[in-house]
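What follows is coords_0.cif (mmCIF, C-alpha atoms and all ligand atoms).
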data_entry
#
loop_
_atom_site.label_atom_id
_atom_site.label_comp_id
_atom_site.auth_asym_id
_atom_site.auth_seq_id
_atom_site.Cartn_x
_atom_site.Cartn_y
_atom_site.Cartn_z
CA MET D 235 0.00 0.00 0.00
CA LEU D 236 1.12 3.55 -0.71
CA GLU D 237 2.26 5.77 2.17
CA THR D 238 0.44 8.90 1.09
CA LEU D 239 -1.94 9.98 -1.61
CA LEU D 240 -2.71 13.63 -2.27
CA ARG D 241 -6.03 13.92 -4.09
CA ASN D 242 -7.22 16.66 -6.43
CA CYS D 243 -4.11 18.83 -6.67
CA THR D 244 -3.52 21.74 -9.01
CA LEU D 245 0.09 21.85 -10.18
CA PRO D 246 2.20 24.95 -10.97
CA ASP D 247 2.17 24.06 -14.70
CA GLY D 248 -1.64 24.42 -14.74
CA ARG D 249 -2.68 20.75 -14.62
CA THR D 250 -5.73 20.32 -12.38
CA GLY D 251 -7.38 17.34 -10.71
CA GLN D 252 -4.08 15.50 -10.26
CA ASP D 253 -3.43 12.82 -7.65
CA ILE D 254 0.11 12.45 -6.31
CA ALA D 255 1.15 9.05 -4.96
CA ILE D 256 4.06 8.76 -2.52
CA ALA D 257 6.01 5.70 -1.43
CA ASP D 258 9.38 5.41 0.32
CA GLY D 259 9.62 9.19 0.45
CA ARG D 260 9.41 9.57 -3.33
CA ILE D 261 6.72 10.52 -5.80
CA VAL D 262 5.71 7.38 -7.65
CA ALA D 263 2.80 8.61 -9.78
CA VAL D 264 1.08 11.84 -10.82
CA GLN D 265 -2.20 11.47 -12.70
CA PRO D 266 -5.93 12.15 -12.41
CA ALA D 267 -8.08 9.79 -10.31
CA LEU D 268 -5.39 7.29 -9.31
CA PRO D 269 -7.00 3.93 -8.60
CA ALA D 270 -4.98 3.31 -5.44
CA GLN D 271 -5.24 3.34 -1.67
CA ALA D 272 -2.82 4.77 0.85
CA GLN D 273 -2.24 4.85 4.59
CA HIS D 274 -2.72 8.62 4.53
CA GLU D 275 -5.02 10.30 2.08
CA ILE D 276 -4.97 14.09 1.89
CA ASP D 277 -7.59 16.08 -0.02
CA ALA D 278 -5.93 19.10 -1.65
CA ALA D 279 -9.40 20.32 -2.70
CA GLY D 280 -8.13 21.73 -5.97
CA GLN D 281 -5.51 23.94 -4.30
CA LEU D 282 -1.95 24.40 -5.55
CA VAL D 283 0.61 21.72 -4.73
CA SER D 284 4.10 22.95 -5.51
CA PRO D 285 7.63 21.72 -5.10
CA PRO D 286 9.19 23.63 -2.19
CA PHE D 287 10.49 27.16 -2.34
CA VAL D 288 14.22 27.58 -2.87
CA ASP D 289 16.23 30.63 -1.83
CA ALA D 290 19.14 31.18 -4.22
CA HIS D 291 20.86 33.83 -2.12
CA PHE D 292 20.88 34.34 1.62
CA HIS D 293 23.14 35.37 4.52
CA MET D 294 22.41 33.03 7.38
CA ASP D 295 25.40 34.13 9.48
CA SER D 296 23.92 37.60 9.92
CA THR D 297 20.21 36.77 10.02
CA LEU D 298 18.09 37.76 13.02
CA SER D 299 20.86 40.02 14.33
CA TYR D 300 18.95 43.25 13.63
CA GLY D 301 19.92 45.99 16.07
CA LEU D 302 23.19 44.33 17.10
CA PRO D 303 25.18 46.28 18.06
CA ARG D 304 23.14 49.13 16.54
CA VAL D 305 20.77 49.90 13.67
CA ASN D 306 21.93 50.90 10.16
CA GLN D 307 21.05 54.63 10.16
CA SER D 308 21.77 55.48 6.52
CA GLY D 309 20.25 52.27 5.19
CA THR D 310 23.13 51.87 2.72
CA LEU D 311 25.02 48.74 1.71
CA LEU D 312 28.29 50.27 2.90
CA GLU D 313 27.01 51.18 6.38
CA GLY D 314 25.62 47.64 6.55
CA ILE D 315 29.07 46.20 5.75
CA ALA D 316 30.66 48.50 8.38
CA LEU D 317 28.02 47.45 10.91
CA TRP D 318 28.62 43.76 10.20
CA GLY D 319 32.34 44.49 10.81
CA GLU D 320 31.41 45.89 14.26
CA LEU D 321 29.25 42.87 15.03
CA LYS D 322 31.76 40.20 13.95
CA PRO D 323 34.07 40.40 16.99
CA LEU D 324 31.02 40.04 19.24
CA LEU D 325 29.69 36.89 17.59
CA THR D 326 29.64 33.58 19.40
CA GLN D 327 29.13 30.21 17.84
CA GLU D 328 26.19 29.46 20.13
CA ALA D 329 24.37 32.64 19.13
CA LEU D 330 25.06 32.04 15.41
CA VAL D 331 23.70 28.51 15.62
CA GLU D 332 20.67 29.56 17.63
CA ARG D 333 19.72 32.32 15.18
CA ALA D 334 20.30 30.12 12.11
CA LEU D 335 18.20 27.30 13.52
CA ALA D 336 15.42 29.74 14.41
CA TYR D 337 15.51 31.01 10.83
CA CYS D 338 15.35 27.45 9.49
CA ASP D 339 12.20 26.92 11.59
CA TRP D 340 10.65 29.91 9.83
CA ALA D 341 11.84 28.62 6.47
CA VAL D 342 10.19 25.23 6.97
CA ALA D 343 6.97 26.89 8.11
CA ARG D 344 7.01 28.84 4.82
CA GLY D 345 7.71 25.78 2.68
CA LEU D 346 11.28 26.96 2.00
CA LEU D 347 13.32 23.74 2.05
CA ALA D 348 16.54 24.69 0.25
CA ILE D 349 18.73 27.73 0.89
CA ARG D 350 22.05 28.81 -0.61
CA THR D 351 23.67 30.92 2.07
CA HIS D 352 26.83 32.95 1.75
CA VAL D 353 29.02 32.74 4.83
CA ASP D 354 31.67 35.31 5.63
CA VAL D 355 35.14 33.72 5.49
CA CYS D 356 37.15 36.84 6.40
CA ASP D 357 37.34 35.95 10.08
CA PRO D 358 40.46 33.78 10.49
CA ARG D 359 38.69 31.88 13.31
CA LEU D 360 36.01 30.85 10.77
CA LEU D 361 33.48 31.04 13.57
CA ALA D 362 30.54 31.52 11.24
CA VAL D 363 31.73 28.77 8.88
CA GLU D 364 31.95 26.27 11.71
CA ALA D 365 28.56 27.34 13.06
CA LEU D 366 26.83 27.01 9.69
CA LEU D 367 28.51 23.68 8.88
CA HIS D 368 27.08 22.47 12.18
CA VAL D 369 23.65 23.87 11.28
CA LYS D 370 23.85 22.29 7.82
CA GLN D 371 24.30 18.88 9.43
CA GLN D 372 21.58 19.45 11.97
CA VAL D 373 18.93 20.59 9.48
CA ARG D 374 19.85 18.04 6.78
CA PRO D 375 16.80 15.84 7.50
CA TYR D 376 14.46 18.72 6.67
CA LEU D 377 16.30 21.46 4.80
CA ASP D 378 19.09 21.57 2.19
CA LEU D 379 21.64 24.19 3.12
CA GLN D 380 24.32 25.04 0.56
CA LEU D 381 27.20 27.21 1.78
CA VAL D 382 29.14 29.77 -0.26
CA ALA D 383 32.60 30.91 0.90
CA PHE D 384 32.00 34.66 0.84
CA PRO D 385 34.97 36.99 1.38
CA GLN D 386 32.92 39.96 2.59
CA ASP D 387 35.96 42.29 2.83
CA GLY D 388 37.43 41.24 -0.54
CA VAL D 389 40.16 38.72 -1.32
CA LEU D 390 42.76 41.20 -2.61
CA ARG D 391 41.69 44.24 -0.59
CA LYS D 392 42.15 42.45 2.73
CA ALA D 393 45.55 40.96 3.44
CA GLY D 394 45.52 37.28 4.29
CA ALA D 395 42.02 36.65 2.96
CA TRP D 396 42.94 33.65 0.79
CA GLU D 397 44.01 31.33 3.53
CA PRO D 398 40.71 31.28 5.51
CA LEU D 399 38.73 31.14 2.25
CA LYS D 400 40.58 28.01 1.14
CA ARG D 401 40.35 26.55 4.64
CA ALA D 402 36.58 27.05 4.57
CA LEU D 403 36.42 25.09 1.31
CA ASP D 404 38.60 22.38 2.88
CA LEU D 405 36.11 22.18 5.75
CA GLY D 406 33.26 21.45 3.34
CA VAL D 407 31.86 24.80 2.20
CA ASP D 408 30.27 24.01 -1.18
CA VAL D 409 30.60 27.04 -3.44
CA VAL D 410 33.25 29.70 -4.20
CA GLY D 411 32.05 33.27 -3.60
CA GLY D 412 33.53 36.70 -4.25
CA ILE D 413 32.86 40.43 -4.18
CA PRO D 414 34.81 42.01 -7.07
CA HIS D 415 33.13 45.44 -6.86
CA PHE D 416 34.40 45.78 -3.28
CA GLU D 417 38.04 45.22 -4.25
CA ARG D 418 40.15 48.39 -4.43
CA THR D 419 40.12 48.92 -8.20
CA MET D 420 38.31 47.64 -11.26
CA ALA D 421 41.52 45.82 -12.22
CA GLU D 422 41.79 44.11 -8.84
CA GLY D 423 38.11 43.21 -9.03
CA ALA D 424 38.68 41.52 -12.38
CA GLU D 425 41.77 39.79 -11.01
CA SER D 426 39.76 38.48 -8.04
CA VAL D 427 37.17 37.03 -10.43
CA ARG D 428 39.92 35.25 -12.39
CA LEU D 429 41.59 33.83 -9.29
CA LEU D 430 38.33 32.70 -7.67
CA CYS D 431 37.05 31.05 -10.85
CA GLU D 432 40.37 29.24 -11.25
CA LEU D 433 40.11 28.05 -7.65
CA ALA D 434 36.59 26.72 -8.34
CA ALA D 435 37.69 25.00 -11.55
CA GLU D 436 40.64 23.38 -9.73
CA ARG D 437 38.37 22.03 -7.01
CA GLY D 438 35.37 21.18 -9.20
CA LEU D 439 33.12 23.62 -7.32
CA ARG D 440 30.33 25.97 -8.32
CA VAL D 441 30.78 29.76 -8.24
CA ASP D 442 28.35 32.36 -6.93
CA MET D 443 29.72 35.88 -6.61
CA HIS D 444 28.26 39.06 -5.29
CA CYS D 445 28.86 40.90 -8.53
CA ASP D 446 28.41 44.57 -9.32
CA GLU D 447 26.16 45.33 -6.35
CA THR D 448 26.45 49.03 -7.09
CA ASP D 449 24.71 51.77 -9.06
CA ASP D 450 27.95 52.46 -10.95
CA PRO D 451 27.18 51.71 -14.62
CA MET D 452 30.90 51.13 -15.24
CA SER D 453 31.03 48.22 -12.77
CA ARG D 454 31.36 45.46 -15.35
CA HIS D 455 32.64 42.47 -13.40
CA ILE D 456 29.79 40.36 -14.77
CA GLU D 457 31.55 40.58 -18.14
CA THR D 458 34.71 39.16 -16.57
CA LEU D 459 32.72 36.50 -14.70
CA ALA D 460 31.10 35.37 -17.96
CA PHE D 461 34.47 35.38 -19.71
CA GLN D 462 36.15 33.31 -16.99
CA ALA D 463 33.21 30.87 -16.79
CA GLN D 464 33.55 30.22 -20.49
CA ARG D 465 37.37 30.09 -20.50
CA LEU D 466 37.44 27.57 -17.66
CA GLY D 467 34.57 25.40 -18.89
CA LEU D 468 32.35 26.28 -15.92
CA GLN D 469 29.16 26.70 -17.96
CA GLY D 470 26.03 25.92 -15.95
CA ARG D 471 27.95 26.13 -12.65
CA VAL D 472 28.37 29.89 -12.22
CA ALA D 473 25.96 32.49 -10.90
CA GLY D 474 26.28 36.26 -10.68
CA SER D 475 24.38 37.57 -7.67
CA HIS D 476 22.81 41.04 -7.57
CA LEU D 477 24.18 42.45 -10.88
CA THR D 478 22.55 45.75 -9.93
CA SER D 479 24.93 47.88 -12.02
CA MET D 480 23.19 46.38 -15.08
CA HIS D 481 20.20 48.53 -14.12
CA SER D 482 22.24 51.66 -14.77
CA MET D 483 24.35 50.48 -17.70
CA ASP D 484 24.26 51.91 -21.19
CA ASN D 485 21.73 50.01 -23.32
CA TYR D 486 24.14 49.47 -26.18
CA TYR D 487 26.68 47.83 -23.90
CA VAL D 488 23.98 45.64 -22.35
CA SER D 489 22.91 44.48 -25.83
CA LYS D 490 26.38 42.95 -26.12
CA LEU D 491 26.66 41.82 -22.49
CA ILE D 492 23.47 39.75 -22.14
CA PRO D 493 24.29 37.40 -25.06
CA LEU D 494 27.76 36.92 -23.52
CA ILE D 495 26.19 35.91 -20.19
CA ARG D 496 23.91 33.50 -22.04
CA GLU D 497 26.78 32.03 -24.05
CA ALA D 498 28.83 31.50 -20.89
CA GLY D 499 25.99 29.59 -19.20
CA VAL D 500 26.00 31.99 -16.26
CA ALA D 501 22.83 32.36 -14.16
CA ALA D 502 21.65 35.62 -12.63
CA ILE D 503 20.35 35.98 -9.09
CA ALA D 504 18.39 39.11 -8.27
CA ASN D 505 17.45 40.03 -4.71
CA PRO D 506 14.41 42.25 -5.21
CA LEU D 507 13.67 43.21 -1.58
CA ILE D 508 17.25 44.19 -0.90
CA ASN D 509 18.09 45.71 -4.28
CA ILE D 510 15.10 48.06 -4.16
CA THR D 511 16.04 48.99 -0.58
CA LEU D 512 19.81 49.50 -0.89
CA GLN D 513 20.31 50.78 -4.43
CA GLY D 514 19.68 54.31 -5.63
CA ARG D 515 20.61 55.71 -2.22
CA HIS D 516 22.88 58.36 -3.75
CA ASP D 517 20.13 59.49 -6.12
CA THR D 518 17.74 62.35 -5.48
CA TYR D 519 15.02 62.07 -8.14
CA PRO D 520 14.49 60.26 -10.41
CA LYS D 521 15.61 57.48 -8.04
CA ARG D 522 16.81 54.25 -9.62
CA ARG D 523 15.22 50.93 -8.70
CA GLY D 524 18.59 49.19 -8.86
CA MET D 525 17.40 45.68 -9.69
CA THR D 526 19.10 43.89 -12.57
CA ARG D 527 17.34 43.52 -15.95
CA VAL D 528 15.27 40.47 -15.14
CA PRO D 529 12.84 40.28 -18.11
CA GLU D 530 15.61 41.02 -20.62
CA LEU D 531 17.88 38.32 -19.15
CA LEU D 532 15.01 35.82 -19.18
CA ALA D 533 14.11 36.72 -22.76
CA ALA D 534 17.70 35.96 -23.77
CA GLY D 535 17.54 32.54 -22.10
CA VAL D 536 19.56 33.38 -18.98
CA PRO D 537 18.15 31.62 -15.90
CA VAL D 538 17.14 34.22 -13.30
CA ALA D 539 16.49 33.19 -9.71
CA PHE D 540 15.38 35.44 -6.87
CA GLY D 541 16.93 35.44 -3.41
CA HIS D 542 15.80 36.85 -0.07
CA ASP D 543 19.39 37.93 0.73
CA CYS D 544 18.67 39.34 4.19
CA VAL D 545 16.18 38.97 7.02
CA MET D 546 16.48 41.16 10.12
CA ASP D 547 20.19 41.93 9.80
CA PRO D 548 22.50 44.96 9.30
CA TRP D 549 21.09 45.49 5.79
CA TYR D 550 17.38 44.79 6.16
CA ALA D 551 15.02 45.05 9.11
CA LEU D 552 12.14 43.00 7.74
CA GLY D 553 11.35 39.55 6.30
CA SER D 554 10.09 36.20 7.53
CA ALA D 555 11.55 33.57 5.15
CA ASP D 556 8.65 34.09 2.76
CA MET D 557 9.84 33.55 -0.82
CA LEU D 558 6.39 34.60 -2.07
CA GLU D 559 7.12 38.04 -0.63
CA VAL D 560 10.36 38.01 -2.64
CA ALA D 561 8.53 36.98 -5.83
CA HIS D 562 5.88 39.65 -5.14
CA MET D 563 8.50 42.40 -4.91
CA GLY D 564 10.43 41.05 -7.93
CA LEU D 565 7.27 41.08 -10.01
CA HIS D 566 6.58 44.71 -9.11
CA VAL D 567 10.11 46.08 -9.47
CA ALA D 568 10.64 44.34 -12.84
CA GLN D 569 7.10 45.21 -13.98
CA MET D 570 6.55 41.54 -14.84
CA THR D 571 2.78 41.76 -14.92
CA SER D 572 1.71 39.48 -17.80
CA GLN D 573 0.39 36.05 -16.81
CA ALA D 574 3.51 34.41 -18.29
CA ALA D 575 5.84 36.84 -16.52
CA MET D 576 4.11 36.36 -13.15
CA ARG D 577 4.61 32.62 -13.54
CA GLN D 578 8.29 33.26 -14.32
CA CYS D 579 8.47 35.10 -10.97
CA TYR D 580 7.06 31.99 -9.28
CA ALA D 581 9.66 29.85 -11.08
CA ALA D 582 12.32 32.30 -9.84
CA VAL D 583 11.65 31.15 -6.25
CA THR D 584 11.11 27.44 -7.03
CA SER D 585 12.39 25.52 -10.07
CA THR D 586 14.97 28.03 -11.35
CA PRO D 587 16.96 28.30 -8.10
CA ALA D 588 16.67 24.52 -7.69
CA ALA D 589 18.54 24.21 -11.00
CA VAL D 590 21.07 26.92 -10.03
CA LEU D 591 21.84 25.09 -6.78
CA GLY D 592 22.00 21.75 -8.63
CA LEU D 593 19.42 20.15 -6.32
CA GLU D 594 18.82 16.50 -7.05
CA GLY D 595 15.37 14.92 -7.01
CA TYR D 596 13.60 18.29 -7.06
CA GLY D 597 10.22 18.53 -8.77
CA LEU D 598 6.86 16.87 -9.12
CA GLU D 599 7.75 14.10 -11.55
CA PRO D 600 7.68 10.42 -10.59
CA GLY D 601 11.05 9.60 -9.03
CA CYS D 602 11.48 13.01 -7.39
CA ARG D 603 11.74 13.23 -3.62
CA ALA D 604 8.30 13.88 -2.14
CA ASP D 605 9.04 17.44 -1.02
CA LEU D 606 5.78 19.31 -1.45
CA VAL D 607 3.96 22.42 -0.33
CA LEU D 608 0.16 22.66 -0.30
CA LEU D 609 -0.82 26.30 -0.66
CA GLN D 610 -4.08 28.08 -0.01
CA ALA D 611 -4.18 29.29 -3.61
CA ARG D 612 -5.53 28.07 -6.93
CA ASP D 613 -2.41 28.79 -8.99
CA PRO D 614 1.05 30.41 -8.78
CA VAL D 615 -0.28 33.88 -9.57
CA GLU D 616 -2.82 33.69 -6.74
CA ALA D 617 -0.08 32.33 -4.48
CA ILE D 618 2.02 35.44 -5.15
CA ARG D 619 -0.98 37.79 -4.89
CA LEU D 620 -1.96 36.45 -1.46
CA ARG D 621 1.52 35.42 -0.24
CA ALA D 622 -0.59 32.35 0.31
CA THR D 623 -0.75 30.33 3.51
CA ARG D 624 1.29 27.12 3.39
CA LEU D 625 -1.37 24.69 4.55
CA MET D 626 1.06 21.77 4.63
CA VAL D 627 4.79 21.32 4.07
CA MET D 628 6.14 17.88 3.34
CA ARG D 629 9.69 16.54 3.06
CA ALA D 630 10.34 13.04 1.70
CA GLY D 631 6.66 12.22 2.29
CA LYS D 632 6.64 13.33 5.96
CA VAL D 633 4.63 16.34 7.09
CA LEU D 634 6.91 18.97 8.64
CA ALA D 635 4.50 21.84 9.12
CA ARG D 636 0.82 22.68 8.96
CA THR D 637 -0.90 26.06 9.06
CA ALA D 638 -4.64 26.63 9.45
CA PRO D 639 -6.29 28.23 6.42
CA MET D 640 -6.44 32.02 6.49
CA VAL D 641 -10.14 32.85 6.81
CA VAL D 642 -11.73 36.08 8.03
CA ASP D 643 -15.10 35.99 9.78
CA LEU D 644 -17.34 38.80 8.57
CA SER D 645 -20.39 40.41 10.10
CA LEU D 646 -21.95 42.26 7.18
CA PRO D 647 -25.59 42.64 6.17
CA ALA D 648 -26.61 40.32 3.26
CA ARG D 649 -23.02 39.21 2.66
CA PRO D 650 -21.18 35.89 3.22
CA GLN D 651 -19.98 35.16 6.72
CA GLN D 652 -16.37 34.55 5.66
CA THR D 653 -13.76 35.52 3.11
CA SER D 654 -10.29 34.23 2.33
CA PHE D 655 -9.53 36.62 -0.56
CA GLN D 656 -9.64 33.77 -3.10
CA ARG D 657 -11.68 34.06 -6.33
FE FE2 K 1 24.14 39.05 -0.54
#
Since I need it in another form, could you write the structure as structure tokens?
Ligand code: FE2
Amino acid sequence: MLETLLRNCTLPDGRTGQDIAIADGRIVAVQPALPAQAQHEIDAAGQLVSPPFVDAHFHMDSTLSYGLPRVNQSGTLLEGIALWGELKPLLTQEALVERALAYCDWAVARGLLAIRTHVDVCDPRLLAVEALLHVKQQVRPYLDLQLVAFPQDGVLRKAGAWEPLKRALDLGVDVVGGIPHFERTMAEGAESVRLLCELAAERGLRVDMHCDETDDPMSRHIETLAFQAQRLGLQGRVAGSHLTSMHSMDNYYVSKLIPLIREAGVAAIANPLINITLQGRHDTYPKRRGMTRVPELLAAGVPVAFGHDCVMDPWYALGSADMLEVAHMGLHVAQMTSQAAMRQCYAAVTSTPAAVLGLEGYGLEPGCRADLVLLQARDPVEAIRLRATRLMVMRAGKVLARTAPMVVDLSLPARPQQTSFQR
């Protein structure tokens, strides 16, 4: 007998009335009206069943530290980096682990079961690396955590930055990071991209760099990243995170750049909540939005994932691990309002980042791990519109979280007694 059968599901691709059969933690069949019985039968009642949310870009070492040791007054990226520098000497492994685990609780509750987190490797003690490696092990049964070795203060700008970065990779950090726009000069930024990509190629690792997180239209490290990805045969294994300078670049240059990114097999990761908050801070009016060119990249065939980036840390005071909030902001900032574009925004927090992270067994096909989220929404667009309640979150066929449906009781003359904002 099957373990679990979900009846009458709507899938993100638009199929309705689907039954999903689960055995040994895997999906074994997806079809209408499955003639089977199971130990547990769950009626999805026509609501959306989705593979879990995936966050392509996060900072779990700084999360939930908002206000420590003080609040970012200017709201800028650079004050945030300075503030993180003040906080670092005060960090303890216990506090890092406690905050990260608390965040993972929120993530599970929101159906977010895979996170790529950058971890600062500039501290020679590697306190945060050790803490997050510990957390990675601890959450493995319910959440996939992928770590990026992130040299927050630069690899060439800060003396002695290479040694802890390499040591972090030796300890099991998965991905090579970087921050070329924070190096001292454009030339050193380009040199850092070359060295870091060579390091990744040597070790057979993926690359995900903070790249051009600036309003400076001349910050063109994405060009170098694409070039190095192609030169070193890293196609499909490299991501450029943020890429906010592309917002301000000359259109003619971008018409050459985007095909180069595509050709190099480099993915883009935008962080809508953070980009719209941190960029354009030196502008008066008009004030730039600062997010990279999402629709144009997608139209050229470049995979674009969205990340949350920050939750309650030196850069951002808000957030609750809700990738639908991220998709909602991305949709607005990029003006992706057609039905097809709104569905692309949903893909940007589910299937696209799953591919960028290289997650195995992700999806709703037979053979995939039975990681599922039942949403109180009829389709992906309604899910984004309502930042829909995650009624049930499942990992390998086991229920990890349940939330009661969001329903409002009304007392209105000649009107229904309840509403849940669904149509
Ligand atoms: Fe970031």
Query raised in the report: Nearest to Gly248 (chain D): which of D:Arg636, D:His352, D:Arg612, D:Arg621 is it, counting only C-alpha atoms?
Result: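 Among D:Arg636, D:His352, D:Arg612, D:Arg621, it is D:Arg612 that comes nearest to Gly248 (chain D).
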Query raised in the report: Taking only C-alpha atoms into account, which of D:Asp605, D:Glu397, D:Glu432, D:Asp450 comes nearest Leu347 (chain D)?
Result: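 Ranking D:Asp605, D:Glu397, D:Glu432, D:Asp450 by distance to Leu347 (chain D), first place goes to D:Asp605.
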Query raised in the report: What is the CA of Arg619 (chain D) to CA of Glu594 (chain D) distance in Å?
Result: 29.2 Å
Report task. Please identify all polymer residues within 10 Å of Ala589 (chain D), counting only C-alpha atoms, omitting same-chain residues fewer than 3 positions from it, and present them as a PyMOL selection string. Result -> chain D and resi 288+290+470-471+501+537+539+584-586+592-594+596
Would you put the residues from that selection into a file with C-alpha atoms, as a PDB file, in the frame of the given file?
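That gives us result14.pdb:
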ATOM      1  CA  VAL D 288      14.220  27.580  -2.870  1.00  0.00           C
ATOM      2  CA  ALA D 290      19.140  31.180  -4.220  1.00  0.00           C
ATOM      3  CA  GLY D 470      26.030  25.920 -15.950  1.00  0.00           C
ATOM      4  CA  ARG D 471      27.950  26.130 -12.650  1.00  0.00           C
ATOM      5  CA  ALA D 501      22.830  32.360 -14.160  1.00  0.00           C
ATOM      6  CA  PRO D 537      18.150  31.620 -15.900  1.00  0.00           C
ATOM      7  CA  ALA D 539      16.490  33.190  -9.710  1.00  0.00           C
ATOM      8  CA  THR D 584      11.110  27.440  -7.030  1.00  0.00           C
ATOM      9  CA  SER D 585      12.390  25.520 -10.070  1.00  0.00           C
ATOM     10  CA  THR D 586      14.970  28.030 -11.350  1.00  0.00           C
ATOM     11  CA  GLY D 592      22.000  21.750  -8.630  1.00  0.00           C
ATOM     12  CA  LEU D 593      19.420  20.150  -6.320  1.00  0.00           C
ATOM     13  CA  GLU D 594      18.820  16.500  -7.050  1.00  0.00           C
ATOM     14  CA  TYR D 596      13.600  18.290  -7.060  1.00  0.00           C
TER      15      TYR D 596
END
Report task. Could you check how far CA of Ala463 (chain D) sits from CA of Ala588 (chain D), in Å to one decimal? Result -> 19.9 Å
**Report entry** Given only C-alpha atoms as the counted atoms, nearest of D:Thr511, D:Ser453, D:Arg522, D:Arg577 to Ser308 (chain D)
**Finding:**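 Residue with the minimum atom-to-atom distance to Ser308 (chain D): D:Thr511.
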